[in-house]
Amino acid sequence: MTAAERYDIVIVGAGHGGAQAAIALRQRRFDGSIAIVGDEPELPYERPPLSKEYLARDKPFERILIRPPAFWEERRVTMLLGRRVVAVDPGARSLTLADGSAIGYGTLVWATGGSPRRLTCTGHDLRGVHGVRTRADVDRMIAELDGVDRVAVIGGGYIGLEAAAVLTKLGKAVTVLEAQDRVLARVAGEPLSRFYEREHRVRGVDLRVGVTVECIEESRGAACGVRLGDGSVLPAQMVIVGIGIVPAVEPLLAAGADGGNGVRVDAHCRTSLLGIFAIGDCAAHANAFADGAVIRLESVQNANDQATTVAKAITGDAEAYAAVPWFWSNQYDLKLQTVGLSTGHDQAVLRGDPATRSFTVVYLKQGRVVALDCVNATKDYVQGRALVLARAAIDPAALADAETPLKTFLAA
Ligand code: FAD
């Protein structure tokens, strides 16, 4: 192996976590060699706009780059793009790439995210069926859009609903198909789900809950509709599948790392393999905001903050990961901002009237604030963060009074 093929730090995955790990290492004056290996051909870019401004063609690709090209050169970060890691040898501290080449590392940071979960039914791989994860995915969708009148979105999670909002604004007839009895069931409480269902329906989206998909119908090698569990067929020339991701961790698990649904990491994002960290969507960690449950968080916040945790550990300033989870989603003119984790809440308190399109849902667990979903309510989002951090115990009736600023409760 030549000297050029070994780096002090190799980061696998040129996404949010991978980019931020390199940025944070240089900010912390790490002076060794750093390489990022990414299987996409592009420099690191922001993924959230893919189902928002980029799909809507409101933002060109250059404007969603995480840093301009010159940044990486100036910081001496070697970009090895369009290259996929297929195996890890932790003993030899070496990676094997799909092209058969090898790269040595001193420390490895695994930041590979995941790939969209695919349907398993007949027709799942037809032309016109799309996952939404990469620029290439969305470019393929955009290239087909002119010939598309009807779109079926399978999955009423954030990505599916955001895509539905954009495509409705572009004049397409959109149907959302959700298997559960409400949209956003995995991530939000019922008041929020019902609000978004109404907002989509008012704009003409045919939003159906409690429906199952039997298969994708084909015409001349392309999707032409979705056959539902009740036997009916919904015509659609484009099918968008937003049913979650499968974490990209096979090479690490094959190398012996603990894990399953993601690779298991400790509070410093160390895997069970010596010299190997994992961060972002693929990292299963015990999260204090989920009462210590081992979870994977799929958010920019988590990818960035875990990247910083790793940079601190590598530069000898280790600090356990304890960041407050936050997230956002844009649909139509609605800006949702979430802080904390609502999973496992036993009470949801509504602040404000959803009919005004500005309100907050505060989630409590055993009388303590664990999360907030704020719709067009940035003040609540900003002030509510401290309540989540403090796990504040607040009278639900007082919380429900939207006239009382949330910061009042912290002072009390
Ligand atoms: P990624 O950013 O996915 O980066 C992983 C990279 O690793 C990818 O480029 C992947 O191709 C590459 N890779 C995988 N395997 C290999 C391999 N073996 N070798 C080399 N490279 C590999 N989060 C929010 O907080 N707010 C939002 O509004 C929001 N909207 C989103 C909208 C969309 C359409 C999507 C897809 C995601 C959205 N997210 C949002 C989630 C957020 O983008 C992710 O949580 C974040 O990108 C995770 O960062 P990551 O570094 O873990 O993974």
# chains A, B, ... in the order shown; residues from 1 in each chain; ligands from 1

call {"tool": "residues_around", "arguments": {"residues": "stretch 186-194 of chain A", "least_positions_apart": "4", "cutoff": "7 Å", "atoms": "only C-alpha atoms", "output": "ChimeraX atom specification"}}
result
/A:182,198,342-343,348

call {"tool": "residues_near_ligand", "arguments": {"ligand": "ligand 1", "cutoff": "8 Å", "atoms": "only C-alpha atoms and all ligand atoms", "output": "PyMOL selection string"}}
result
chain A and resi 12-19+37-40+44-52+82-86+97+111-115+132-134+158-159+248-249+251+279-283+297-304+326-330

call {"tool": "select_by_dssp", "arguments": {"residues": "stretch 191-248 of chain A", "states": "strand (DSSP E or B)", "output": "list of chain:residue names"}}
result
A:Asp206, A:Leu207, A:Arg208, A:Val209, A:Val213, A:Glu214, A:Cys215, A:Ile216, A:Glu217, A:Glu218, A:Ser219, A:Ala222, A:Ala223, A:Cys224, A:Gly225, A:Val226, A:Arg227, A:Leu228, A:Val233, A:Leu234, A:Pro235, A:Met238, A:Val239, A:Ile240, A:Val241, A:Ile245, A:Val246, A:Pro247

call {"tool": "residues_around", "arguments": {"residues": "A:Gly204", "least_positions_apart": "2", "cutoff": "8 Å", "atoms": "only C-alpha atoms", "output": "short mmCIF file (atom, residue, chain, number, x, y, z; two decimals) with all heavy atoms, in the first residue's frame"}}
result
data_model
loop_
_atom_site.label_atom_id
_atom_site.label_comp_id
_atom_site.auth_asym_id
_atom_site.auth_seq_id
_atom_site.Cartn_x
_atom_site.Cartn_y
_atom_site.Cartn_z
N THR A 168 -48.15 18.75 -5.33
CA THR A 168 -49.47 19.38 -5.43
C THR A 168 -49.32 20.82 -5.92
O THR A 168 -50.06 21.27 -6.80
CB THR A 168 -50.16 19.36 -4.04
OG1 THR A 168 -50.29 18.00 -3.64
CG2 THR A 168 -51.54 19.99 -4.08
N ALA A 173 -51.90 15.69 -9.52
CA ALA A 173 -52.95 15.10 -8.68
C ALA A 173 -52.28 14.05 -7.79
O ALA A 173 -51.77 13.05 -8.28
CB ALA A 173 -54.02 14.44 -9.55
N VAL A 174 -52.25 14.34 -6.49
CA VAL A 174 -51.46 13.50 -5.58
C VAL A 174 -52.38 12.71 -4.63
O VAL A 174 -53.32 13.27 -4.06
CB VAL A 174 -50.50 14.38 -4.73
CG1 VAL A 174 -49.71 13.52 -3.75
CG2 VAL A 174 -49.55 15.17 -5.64
N HIS A 200 -53.51 18.93 3.94
CA HIS A 200 -53.29 18.31 2.62
C HIS A 200 -54.60 18.15 1.87
O HIS A 200 -54.67 18.43 0.67
CB HIS A 200 -52.57 16.96 2.78
CG HIS A 200 -51.10 17.12 3.01
ND1 HIS A 200 -50.19 17.27 2.00
CD2 HIS A 200 -50.38 17.20 4.16
CE1 HIS A 200 -48.98 17.42 2.50
NE2 HIS A 200 -49.06 17.38 3.82
N ARG A 201 -55.62 17.73 2.59
CA ARG A 201 -56.92 17.51 1.90
C ARG A 201 -57.49 18.82 1.37
O ARG A 201 -58.02 18.86 0.25
CB ARG A 201 -57.90 16.83 2.86
CG ARG A 201 -57.54 15.36 3.06
CD ARG A 201 -58.50 14.66 3.98
NE ARG A 201 -58.17 13.24 4.06
CZ ARG A 201 -58.17 12.54 5.19
NH1 ARG A 201 -58.50 13.11 6.33
NH2 ARG A 201 -57.86 11.25 5.17
N VAL A 202 -57.36 19.88 2.15
CA VAL A 202 -57.88 21.18 1.73
C VAL A 202 -57.24 21.62 0.41
O VAL A 202 -57.86 22.28 -0.42
CB VAL A 202 -57.62 22.23 2.84
CG1 VAL A 202 -57.56 23.64 2.31
CG2 VAL A 202 -58.67 22.11 3.93
N ASP A 206 -55.56 13.65 -2.17
CA ASP A 206 -56.43 12.53 -1.80
C ASP A 206 -55.65 11.71 -0.78
O ASP A 206 -54.82 10.87 -1.14
CB ASP A 206 -56.73 11.72 -3.08
CG ASP A 206 -57.52 10.46 -2.79
OD1 ASP A 206 -57.97 10.27 -1.64
OD2 ASP A 206 -57.68 9.65 -3.73
#

call {"tool": "residues_around", "arguments": {"residues": "A:Ala257", "least_positions_apart": "2", "cutoff": "7 Å", "atoms": "only C-alpha atoms", "output": "list of chain:residue names"}}
result
A:Leu252, A:Leu253, A:Ala255, A:Gly259, A:Val263, A:Thr271, A:Ser272, A:Leu273

call {"tool": "atom_distance", "arguments": {"atom1": "atom CA of A:Arg140", "atom2": "atom CA of A:Pro247"}}
result
22.5 Å

call {"tool": "atom_distance", "arguments": {"atom1": "atom CA of A:Met238", "atom2": "atom CA of A:Gly225"}}
result
8.0 Å

call {"tool": "atom_distance", "arguments": {"atom1": "atom CA of A:Leu126", "atom2": "atom CA of A:Cys215"}}
result
10.9 Å

call {"tool": "residues_around", "arguments": {"residues": "A:Ala56", "least_positions_apart": "6", "cutoff": "10 Å", "atoms": "only C-alpha atoms", "output": "short mmCIF file (atom, residue, chain, number, x, y, z; two decimals) with C-alpha atoms, in the first residue's frame"}}
result
data_model
loop_
_atom_site.label_atom_id
_atom_site.label_comp_id
_atom_site.auth_asym_id
_atom_site.auth_seq_id
_atom_site.Cartn_x
_atom_site.Cartn_y
_atom_site.Cartn_z
CA PRO A 49 -34.12 20.28 0.52
CA LEU A 50 -34.43 17.16 -1.65
CA ILE A 142 -37.75 15.71 -11.97
CA ALA A 163 -43.05 15.54 -1.53
CA ALA A 165 -46.96 19.22 -0.85
CA VAL A 166 -44.40 20.14 -3.53
CA LEU A 167 -46.02 18.02 -6.24
CA LYS A 169 -48.10 22.91 -5.80
CA LEU A 170 -46.65 21.82 -9.16
#

call {"tool": "closest_residue", "arguments": {"among": "A:Phe277, A:Tyr54, A:Tyr363, A:Phe71", "to": "A:Ile314", "atoms": "only C-alpha atoms"}}
result
A:Phe277

call {"tool": "closest_residue", "arguments": {"among": "A:Glu42, A:Glu53, A:Gln331, A:Ile9", "to": "A:Gly160", "atoms": "only C-alpha atoms"}}
result
A:Gln331

call {"tool": "select_by_dssp", "arguments": {"residues": "stretch 34-163 of chain A", "states": "alpha helix (DSSP H)", "output": "ChimeraX atom specification"}}
result
/A:69-74,135-145,158-163

call {"tool": "write_last_selection", "arguments": {"atoms": "N, CA and C atoms", "output": "short mmCIF file (atom, residue, chain, number, x, y, z; two decimals), in the first residue's frame"}}
result
data_model
loop_
_atom_site.label_atom_id
_atom_site.label_comp_id
_atom_site.auth_asym_id
_atom_site.auth_seq_id
_atom_site.Cartn_x
_atom_site.Cartn_y
_atom_site.Cartn_z
N PRO A 69 -16.76 24.01 -2.99
CA PRO A 69 -15.65 23.09 -3.29
C PRO A 69 -14.32 23.54 -2.70
N ALA A 70 -14.03 24.86 -2.75
CA ALA A 70 -12.72 25.33 -2.28
C ALA A 70 -12.50 25.05 -0.80
N PHE A 71 -13.58 25.00 -0.03
CA PHE A 71 -13.47 24.79 1.42
C PHE A 71 -12.69 23.51 1.72
N TRP A 72 -13.04 22.44 0.99
CA TRP A 72 -12.44 21.14 1.30
C TRP A 72 -10.96 21.12 0.95
N GLU A 73 -10.61 21.82 -0.12
CA GLU A 73 -9.20 21.90 -0.50
C GLU A 73 -8.42 22.70 0.54
N GLU A 74 -8.99 23.85 0.92
CA GLU A 74 -8.31 24.70 1.91
C GLU A 74 -8.10 23.96 3.23
N ARG A 135 -29.59 13.05 -4.41
CA ARG A 135 -29.82 13.98 -5.51
C ARG A 135 -30.21 13.20 -6.76
N ALA A 136 -29.54 12.07 -7.00
CA ALA A 136 -29.84 11.28 -8.20
C ALA A 136 -31.31 10.83 -8.19
N ASP A 137 -31.80 10.42 -7.00
CA ASP A 137 -33.21 10.00 -6.90
C ASP A 137 -34.12 11.13 -7.37
N VAL A 138 -33.86 12.34 -6.86
CA VAL A 138 -34.76 13.46 -7.14
C VAL A 138 -34.58 13.95 -8.58
N ASP A 139 -33.36 13.90 -9.09
CA ASP A 139 -33.16 14.27 -10.50
C ASP A 139 -33.95 13.33 -11.42
N ARG A 140 -33.98 12.05 -11.06
CA ARG A 140 -34.76 11.09 -11.87
C ARG A 140 -36.25 11.45 -11.82
N MET A 141 -36.72 11.83 -10.65
CA MET A 141 -38.13 12.22 -10.52
C MET A 141 -38.42 13.45 -11.37
N ILE A 142 -37.54 14.45 -11.24
CA ILE A 142 -37.75 15.71 -11.97
C ILE A 142 -37.77 15.45 -13.48
N ALA A 143 -36.88 14.57 -13.94
CA ALA A 143 -36.80 14.28 -15.38
C ALA A 143 -38.09 13.67 -15.90
N GLU A 144 -38.81 12.95 -15.02
CA GLU A 144 -40.05 12.29 -15.46
C GLU A 144 -41.29 13.18 -15.32
N LEU A 145 -41.17 14.25 -14.51
CA LEU A 145 -42.37 14.97 -14.07
C LEU A 145 -43.26 15.51 -15.19
N TYR A 158 -42.77 12.30 7.17
CA TYR A 158 -42.40 13.66 6.76
C TYR A 158 -42.00 13.73 5.29
N ILE A 159 -41.17 12.79 4.85
CA ILE A 159 -40.66 12.89 3.47
C ILE A 159 -41.80 12.74 2.46
N GLY A 160 -42.68 11.78 2.70
CA GLY A 160 -43.81 11.58 1.80
C GLY A 160 -44.72 12.80 1.76
N LEU A 161 -44.98 13.37 2.94
CA LEU A 161 -45.89 14.53 2.99
C LEU A 161 -45.24 15.76 2.36
N GLU A 162 -43.94 15.93 2.56
CA GLU A 162 -43.26 17.08 1.93
C GLU A 162 -43.29 16.95 0.41
N ALA A 163 -43.01 15.75 -0.07
CA ALA A 163 -43.05 15.54 -1.53
C ALA A 163 -44.47 15.77 -2.05
#

call {"tool": "closest_residue", "arguments": {"among": "A:Arg357, A:Arg208, A:His285, A:Lys407", "to": "A:Ala322", "atoms": "only C-alpha atoms"}}
result
A:His285

call {"tool": "residues_around", "arguments": {"residues": "A:His345", "least_positions_apart": "5", "cutoff": "8 Å", "atoms": "only C-alpha atoms", "output": "list in words"}}
result
Tyr363, Leu364, Lys365 and Val370 of chain A

call {"tool": "closest_residue", "arguments": {"among": "A:Gly244, A:Pro116, A:Asp89, A:Glu214", "to": "A:Gly231", "atoms": "only C-alpha atoms"}}
result
A:Glu214

call {"tool": "residues_around", "arguments": {"residues": "A:Asp8", "least_positions_apart": "2", "cutoff": "12 Å", "atoms": "only C-alpha atoms", "output": "ChimeraX atom specification"}}
result
/A:3-6,10-11,22,25,30-36,77-78,93-94,103-109,275,314

call {"tool": "closest_residue", "arguments": {"among": "A:Val339, A:Val148, A:Ala284, A:Val213", "to": "A:Val176", "atoms": "only C-alpha atoms"}}
result
A:Val213
